[in-house]
Amino acid sequence: MKGKTPLENIPLKIGKPKTTAAGIPAVISSAKHSLKKMGLTNTIKTLRMVNQKDGFDCPGCAWPDPEHRSSFEFCENGAKAVADEAMKANVNAKFFAKYSVKELSGKSDYWLNNQGRINQPMYLGPGESNYSAISWEKSLKLISRKINSLSSPNRAVFYTSGRTSNEAAFLYQAFVRLLGTNNMPDCSNMCHESSGKALVQTIGIGKGTVTLDDFNHADTILVIGQNPGTNHPRMLTALRDAKLKGAKIIHINPLPETGLVRFKHPQDYMKLNLSSTGLADMHLQVKIGGDAALLQAINKLTIDAGSIDDGFISKKTKSYEELAKSLENIDWTRIETDSGITRNQIDKLSNIIINSKSIISCWAMGLTQHRNGVHVIQEVVNLHLLGGHIGRVGAGLCPVRGHSNVQGNRTVGIWEAPSDSFIEKMELGLKNSMPRKHGYDVVHSISAMESNDVDFLFCLGGNFISATPDTTRTATAVSKLDMVVHVSTKLNRSHLVNGSESLILPCLGRTESDIQAEVEQFVTVENSMGIVHKSQGKLKPASNMLRSEPWIIGNLADLTLPESNIDWLGCVENYDKVRDLISHSISGFEDYNTRVRQPNGFYLPNPPKDSCEFETNDGLAHFSVNPLPDVSLNEDEFVMMTIRSHDQYNTTIYGLDDRYRGIKGNRRVLMMNPHDMLERNLKTRDSVNITSHFKGTTRFSQKWLVIPYNIPKRNLAAYFPEANELVPLESTADVSNTPTSKWIICTISGNDSTAEEE
Ligand SMILES: Nc1nc2c(c(=O)[nH]1)N[C@H]1C(S)=C(S)[C@@H](COP(=O)(O)OP(=O)(O)OC[C@H]3O[C@@H](n4cnc5c(=O)[nH]c(N)nc54)[C@H](O)[C@@H]3O)O[C@H]1N2
Ligand SMILES: Nc1nc2c(c(=O)[nH]1)N[C@H]1C(S)=C(S)[C@@H](COP(=O)(O)OP(=O)(O)OC[C@H]3O[C@@H](n4cnc5c(=O)[nH]c(N)nc54)[C@H](O)[C@@H]3O)O[C@H]1N2
Ligand SMILES: [Mo]
């Protein structure tokens with residue numbers, strides 16, 4: 001970096017949002033990232049192994065791969081995720097001797113991540129200013145002693161992020177439940193929890209009901225509250241293929257997201273076919289939180305047109321009459337005001353829906369992270385049940401998962417609220433009894449820390465401090481703990497908010513080879529469409545001091561629970577043994593070791609998809625009647641959504657540009673409608689302060705640069721995690737308790753033009 005302006009000091013530049021995603025700039029951008037971080041040979045070797053039959057699963061996202069994988073079936077952002085992991089292990093004892101925790105706290109997330117991989121276990125004792133090296137043996141002893149000294153296992157909290165393999169996650173939940181608690185919050189609580197809850201209640205399974213092949217047979221695909229060009233770039237391939245086969249693609253989003261406007265595929269570039277494809281046939285620029293109104297209107301028009309699947313409804317569903325009655329007298333003025341969509345546009349969409357034989361609906365955080373997250377997803381379910389668009393080829397529900405194994409983690413037991421039947425099967429498989437009492441989710445964990453009900457926090461991956469809401473409050477709560485332990489690959493803000501004692505345990509990443517007892521191991525993961533498959537790292541580990549996640553959990557469990565009947569160390573030596581335990585303990589994993597060795601792995605059972613059956617209490621799919629949410633705002637109020645840029649992976653910041661949105665060099669920006677700016681006398685780059693409001697409480701954040709953006713009036717957008725300090729801890733979705741990261745009521749103040757000129 002010598003002689004160059006540090007990236008963080010480059011002033012904000014605003015250009016036109018891109019109209020095409022992927023294509024040549026994407027290939028160049030991923031090559032730049034990878035070459036800088038890994039060097040040429042490693043770049044080619046590594047990228048060729050992503051999502052190949054014998055390679056590793058891309059740590060980027062949970063979108064599945066087509067069966068016939070080409071060697072270029074990776075995307076720009078997958079390449080960035082891989083390159084980011086393949087960095088040198090520079091964060092070592094010398095590094096921590098140089099920088100105190102206080103000094104590191106003053107650095108940006110971008111800087112912290114850029115220091116490289118964590119090289120060895122580190123310890124910070126009471127009152128100490130710097131982390132120092134500690135051996136694996138000593139760390140595990142300290143941790144196990146602490147856990148065993150707690151007055152109750154419920155005073156410990158065990159967080160999981162979604163990159164953990166099935167094997168590590170299964171051992172972890174077994175260990176935690178044998179300790180006697182279900183305190184297992186996970187990133188899912190902040191992510192697709194609303195989808196899980198909405199789908200279990202209505203169709204009897206908390207997962208989507210389509211496979212990749214269904215996209216080839218759909219005639220309409222709704223993409224709601226999702227930005228696939230950035231967050232699931234490989235999904236654009238499926239959308240492109242569907243479109244070539246005649247499907248209509250409908251984009252429902254407050255922002256005209258780039259990948260859906262026009263798209264050039266890297267493979268087209270490889271084939272020197274530079275033509276671009278227009279993806280979305282229709283963009284409905286819904287207001288933030290306006291989807292429920294829009295979907296109810298669509299459902300009403302479907303019923304009024306008599307365009308419903310009577311046979312399916314009478315044989316397979318319940319509560320149709322209640323839904324129809326509730327929609328009899330809808331208030332069209334309110335529908336238009338709340339959704340921001342005109343009657344004319346609604347009629348156009350309705351026409352498409354009514355004339356579609358097979359519909360797929362995809363959604364992500366734009367629906368889940370709302371107060372009515374569960375209910376709005378149930379409106380999507382209503383739409384599918386009305387037309388019988390479920391359980392047949394080319395039709396179904398598709399919650400698009402985030403972290404690459406977040407779905408697998410839940411399947412193998414990372415769940416603070418397990419059902420009794422799940423625990424019963426686990427108890428039989430593991431020949432142990434387990435607690436039934438539900439544990440803390442993410443938000444409840446933070447409240448419990450605040451009220452001194454927790455002493456110990458263990459994080460298997462992730463960045464608890466930055467990913468959770470109300471950053472200042474959460475950091476204060478975590479600082480009260482006796483001990484905080486992080487199993488991590490890269491340095492992040494959570495390592496800098498400490499309990500009396502803190503430990504960082506560095507682990508192998510997805511890309512690295514994992515050898516136990518001289519045998520190369522593989523792990524398994526489940527993608528967004530319920531396919532379980534192998535993932536085998538191939539790169540030389542960044543340091544010989546790293547341990548695999550199963551090794552860390554297995555050894556800790558062995559030390560902490562010496563009397564337990566589980567052969568933890570045997571499991572660590574041979575991951576087949578973990579998979580055997582999984583086959584005995586979890587439905588759908590029979591004969592796991594054989595089936596996962598088949599090319600492309602195996603599908604987990606999914607009754608709605610497999611046979612149009614619904615495992616609800618009465619065997620029927622349920623329509624639901626939900627009141628419209630109150631989306632009104634006071635005169636001076638805005639509603640803000642917190643979103644991802646093109647150059648980040650959740651809290652990991654790769655760079656300061658959001659290329660597709662034309663925003664460069666600064667992340668502390670507030671996207672605002674130009675008319676709103678004019679009315680408030682705000683100019684581009686004016687610096688404003690934001691106050692968020694929730695039930696009489698406020699949070700305050702300074703110095704955000706206003707920029708004009710194509711976003712509905714009174715709506716704002718800012719980046720996660722910078723804006724998390726404005727997300728109120730108690731503002732959560734009904735039923736799922738997911739923080740409402742896309743619905744934050746704000747006022748803004750101050751408008752001094754202090755920002756640098758271009
Ligand atoms: N490169 C990259 N890939 C990722 C991630 C990453 O950070 N970087 N994160 C991974 C994870 S964990 C996840 S969960 C996914 C997240 O994937 P997304 O859900 O696509 O991520 P967000 O940036 O949160 O985008 C939410 C989208 O919803 C829209 N939106 C917000 N509010 C509303 C609303 O009320 N209604 C509608 N209709 N739309 C709304 C926003 O404009 C935005 O387009 O991506 C995964 N993949
Ligand atoms: N305001 C706001 N907040 C949000 C969201 C939002 O849209 N807006 N999105 C929410 C969502 S959808 C999610 S999923 C959460 C994400 O929450 P988390 O999963 O907690 O956060 P990440 O940023 O993905 O975690 C990054 C860290 O994981 C570690 N890591 C990476 N790979 C590995 C690995 O293989 N093993 C281990 N042990 N560690 C690894 C690295 O140290 C890295 O610093 O954030 C949520 N928070
Ligand atoms: Mo997520």
# chains A, B, ... in the order shown; residues from 1 in each chain; ligands from 1
call {"tool": "residues_near_ligand", "arguments": {"ligand": "ligand 3", "cutoff": "8 Å", "atoms": "only C-alpha atoms and all ligand atoms", "output": "PyMOL selection string"}}
result
chain A and resi 162+187-188+190-192+365+401-403+406+650
call {"tool": "write_last_selection", "arguments": {"atoms": "N, CA, C and O atoms", "output": "CSV table (one decimal), in the first residue's frame"}}
result
chain,number,residue,atom,x,y,z
A,162,GLY,N,-23.3,-19.4,9.6
A,162,GLY,CA,-23.8,-20.4,8.7
A,162,GLY,C,-22.7,-21.1,7.8
A,162,GLY,O,-23.1,-21.7,6.8
A,187,CYS,N,-27.1,-17.3,13.1
A,187,CYS,CA,-27.3,-16.2,12.2
A,187,CYS,C,-28.7,-16.3,11.5
A,187,CYS,O,-29.3,-15.3,11.2
A,188,SER,N,-29.2,-17.5,11.5
A,188,SER,CA,-30.5,-17.7,10.9
A,188,SER,C,-31.6,-16.9,11.6
A,188,SER,O,-32.6,-16.4,11.0
A,190,MET,N,-31.4,-14.0,12.5
A,190,MET,CA,-31.4,-12.7,11.9
A,190,MET,C,-31.7,-12.7,10.4
A,190,MET,O,-31.6,-11.7,9.7
A,191,CYS,N,-31.9,-13.9,9.9
A,191,CYS,CA,-31.9,-14.1,8.4
A,191,CYS,C,-33.2,-14.7,7.9
A,191,CYS,O,-34.2,-14.0,7.7
A,192,HIS,N,-33.3,-16.0,7.7
A,192,HIS,CA,-34.5,-16.6,7.2
A,192,HIS,C,-35.4,-17.2,8.2
A,192,HIS,O,-36.2,-18.0,7.9
A,365,MET,N,-34.0,-11.2,2.2
A,365,MET,CA,-34.1,-10.4,3.4
A,365,MET,C,-35.1,-9.2,3.2
A,365,MET,O,-35.5,-8.7,4.2
A,401,ARG,N,-31.5,-18.9,0.5
A,401,ARG,CA,-30.7,-18.8,1.8
A,401,ARG,C,-29.4,-18.0,1.6
A,401,ARG,O,-28.9,-17.9,0.5
A,402,GLY,N,-28.9,-17.6,2.7
A,402,GLY,CA,-27.7,-16.8,2.6
A,402,GLY,C,-26.4,-17.5,2.8
A,402,GLY,O,-25.8,-18.0,1.8
A,403,HIS,N,-25.9,-17.7,4.0
A,403,HIS,CA,-24.7,-18.4,4.3
A,403,HIS,C,-24.8,-19.8,3.6
A,403,HIS,O,-25.8,-20.5,3.6
A,406,VAL,N,-26.1,-22.5,6.0
A,406,VAL,CA,-27.1,-22.2,7.1
A,406,VAL,C,-28.2,-23.1,7.2
A,406,VAL,O,-28.7,-23.5,8.3
A,650,ASN,N,-21.5,-10.0,4.2
A,650,ASN,CA,-22.1,-9.7,5.5
A,650,ASN,C,-21.2,-8.6,6.2
A,650,ASN,O,-21.0,-7.6,5.7
call {"tool": "residues_near_ligand", "arguments": {"ligand": "ligand 1", "cutoff": "6 Å", "atoms": "only C-alpha atoms and all ligand atoms", "output": "JSON, numbers by chain"}}
result
{"A": [60, 61, 77, 191, 224, 225, 226, 227, 228, 230, 231, 232, 252, 253, 254, 255, 288, 289, 290, 291, 364, 365, 366, 367, 401, 402, 403, 641, 643, 644, 648, 649, 650, 742]}
call {"tool": "write_last_selection", "arguments": {"atoms": "C-alpha atoms", "output": "tab-separated table (two decimals), in the first residue's frame"}}
result
chain	number	residue	atom	x	y	z
A	60	GLY	CA	-20.15	-17.47	-1.04
A	61	CYS	CA	-23.81	-18.40	-0.91
A	77	ASN	CA	-18.49	-12.63	-5.44
A	191	CYS	CA	-31.88	-14.08	8.40
A	224	ILE	CA	-39.14	-10.36	-4.16
A	225	GLY	CA	-36.92	-8.45	-1.74
A	226	GLN	CA	-33.73	-9.92	-3.05
A	227	ASN	CA	-30.63	-8.63	-4.83
A	228	PRO	CA	-29.28	-11.70	-6.62
A	230	THR	CA	-24.75	-9.13	-5.80
A	231	ASN	CA	-25.75	-11.76	-3.25
A	232	HIS	CA	-26.55	-14.84	-5.34
A	252	ILE	CA	-40.45	-6.57	-6.70
A	253	ASN	CA	-38.07	-4.22	-4.91
A	254	PRO	CA	-37.78	-0.60	-3.74
A	255	LEU	CA	-34.52	-0.48	-5.74
A	288	ILE	CA	-40.31	-0.59	1.87
A	289	GLY	CA	-42.79	-2.77	3.76
A	290	GLY	CA	-45.42	-2.50	1.01
A	291	ASP	CA	-45.32	-6.13	-0.20
A	364	ALA	CA	-34.70	-13.08	0.75
A	365	MET	CA	-34.08	-10.38	3.37
A	366	GLY	CA	-36.42	-7.81	1.82
A	367	LEU	CA	-39.31	-9.90	3.17
A	401	ARG	CA	-30.69	-18.82	1.76
A	402	GLY	CA	-27.69	-16.75	2.65
A	403	HIS	CA	-24.70	-18.43	4.28
A	641	MET	CA	-33.54	-0.48	5.15
A	643	ILE	CA	-28.57	-3.59	2.84
A	644	ARG	CA	-25.38	-5.17	1.43
A	648	GLN	CA	-18.87	-7.16	1.19
A	649	TYR	CA	-19.77	-10.51	2.63
A	650	ASN	CA	-22.05	-9.66	5.53
A	742	LYS	CA	-35.32	-3.47	6.75
call {"tool": "closest_residue", "arguments": {"among": "A:Ile203, A:Leu124, A:Ala79, A:Ala174", "to": "Asn617 of chain A", "atoms": "only C-alpha atoms"}}
result
A:Ile203
call {"tool": "closest_residue", "arguments": {"among": "A:Tyr172, A:Tyr123, A:Tyr159, A:Trp111", "to": "ligand 2", "atoms": "only C-alpha atoms and all ligand atoms"}}
result
A:Tyr159
call {"tool": "residues_around", "arguments": {"residues": "Lys695 of chain A", "least_positions_apart": "6", "cutoff": "12 Å", "atoms": "only C-alpha atoms", "output": "number ranges by chain"}}
result
A: 728-731, 744-745
call {"tool": "residues_around", "arguments": {"residues": "Ser494 of chain A", "least_positions_apart": "3", "cutoff": "10 Å", "atoms": "only C-alpha atoms", "output": "list of chain:residue names"}}
result
A:Ser105, A:Cys459, A:Gly462, A:Asn463, A:Phe464, A:Ile465, A:Ser466, A:Ala467, A:Ala475, A:Val478, A:Val484, A:Val485, A:His486, A:Leu491, A:Val497, A:Asn498
call {"tool": "select_by_dssp", "arguments": {"residues": "segment 349-598 of chain A", "states": "alpha helix (DSSP H)", "output": "count of residues only"}}
result
96
call {"tool": "residues_around", "arguments": {"residues": "Asp618 of chain A", "least_positions_apart": "5", "cutoff": "12 Å", "atoms": "only C-alpha atoms", "output": "PyMOL selection string"}}
result
chain A and resi 201-204+316-318+613
call {"tool": "residues_around", "arguments": {"residues": "segment 301-309 of chain A", "least_positions_apart": "2", "cutoff": "6 Å", "atoms": "only C-alpha atoms", "output": "PDB file with N, CA and C atoms, in the first residue's frame"}}
result
ATOM      1  N   ILE A 298     -53.084  -8.832  -5.301  1.00  0.00           N
ATOM      2  CA  ILE A 298     -52.935  -9.849  -6.349  1.00  0.00           C
ATOM      3  C   ILE A 298     -53.819 -11.055  -6.037  1.00  0.00           C
ATOM      4  N   ASN A 299     -53.805 -11.471  -4.767  1.00  0.00           N
ATOM      5  CA  ASN A 299     -54.605 -12.634  -4.379  1.00  0.00           C
ATOM      6  C   ASN A 299     -56.105 -12.357  -4.547  1.00  0.00           C
ATOM      7  N   GLY A 311     -59.613 -27.931  -7.566  1.00  0.00           N
ATOM      8  CA  GLY A 311     -59.322 -29.308  -7.164  1.00  0.00           C
ATOM      9  C   GLY A 311     -58.262 -29.336  -6.078  1.00  0.00           C
ATOM     10  N   PHE A 312     -57.197 -28.606  -6.303  1.00  0.00           N
ATOM     11  CA  PHE A 312     -56.100 -28.553  -5.335  1.00  0.00           C
ATOM     12  C   PHE A 312     -56.601 -27.962  -4.017  1.00  0.00           C
ATOM     13  N   LEU A 386     -53.480 -20.669  -3.959  1.00  0.00           N
ATOM     14  CA  LEU A 386     -54.645 -20.336  -4.788  1.00  0.00           C
ATOM     15  C   LEU A 386     -54.544 -20.975  -6.170  1.00  0.00           C
ATOM     16  N   GLY A 387     -53.362 -20.926  -6.749  1.00  0.00           N
ATOM     17  CA  GLY A 387     -53.219 -21.460  -8.107  1.00  0.00           C
ATOM     18  C   GLY A 387     -52.670 -22.889  -8.123  1.00  0.00           C
ATOM     19  N   GLY A 388     -52.517 -23.498  -6.940  1.00  0.00           N
ATOM     20  CA  GLY A 388     -51.923 -24.843  -6.881  1.00  0.00           C
ATOM     21  C   GLY A 388     -50.474 -24.846  -7.359  1.00  0.00           C
TER      22      GLY A 388
END
call {"tool": "residues_around", "arguments": {"residues": "Arg117 of chain A", "least_positions_apart": "3", "cutoff": "8 Å", "atoms": "only C-alpha atoms", "output": "number ranges by chain"}}
result
A: 85, 87-91, 489-491, 542
call {"tool": "closest_residue", "arguments": {"among": "A:Arg659, A:Arg699, A:Lys207, A:His584", "to": "Leu604 of chain A", "atoms": "only C-alpha atoms"}}
result
A:Lys207
call {"tool": "closest_residue", "arguments": {"among": "A:Ala169, A:Ala557, A:Leu682, A:Leu505", "to": "Asp186 of chain A", "atoms": "only C-alpha atoms"}}
result
A:Ala169
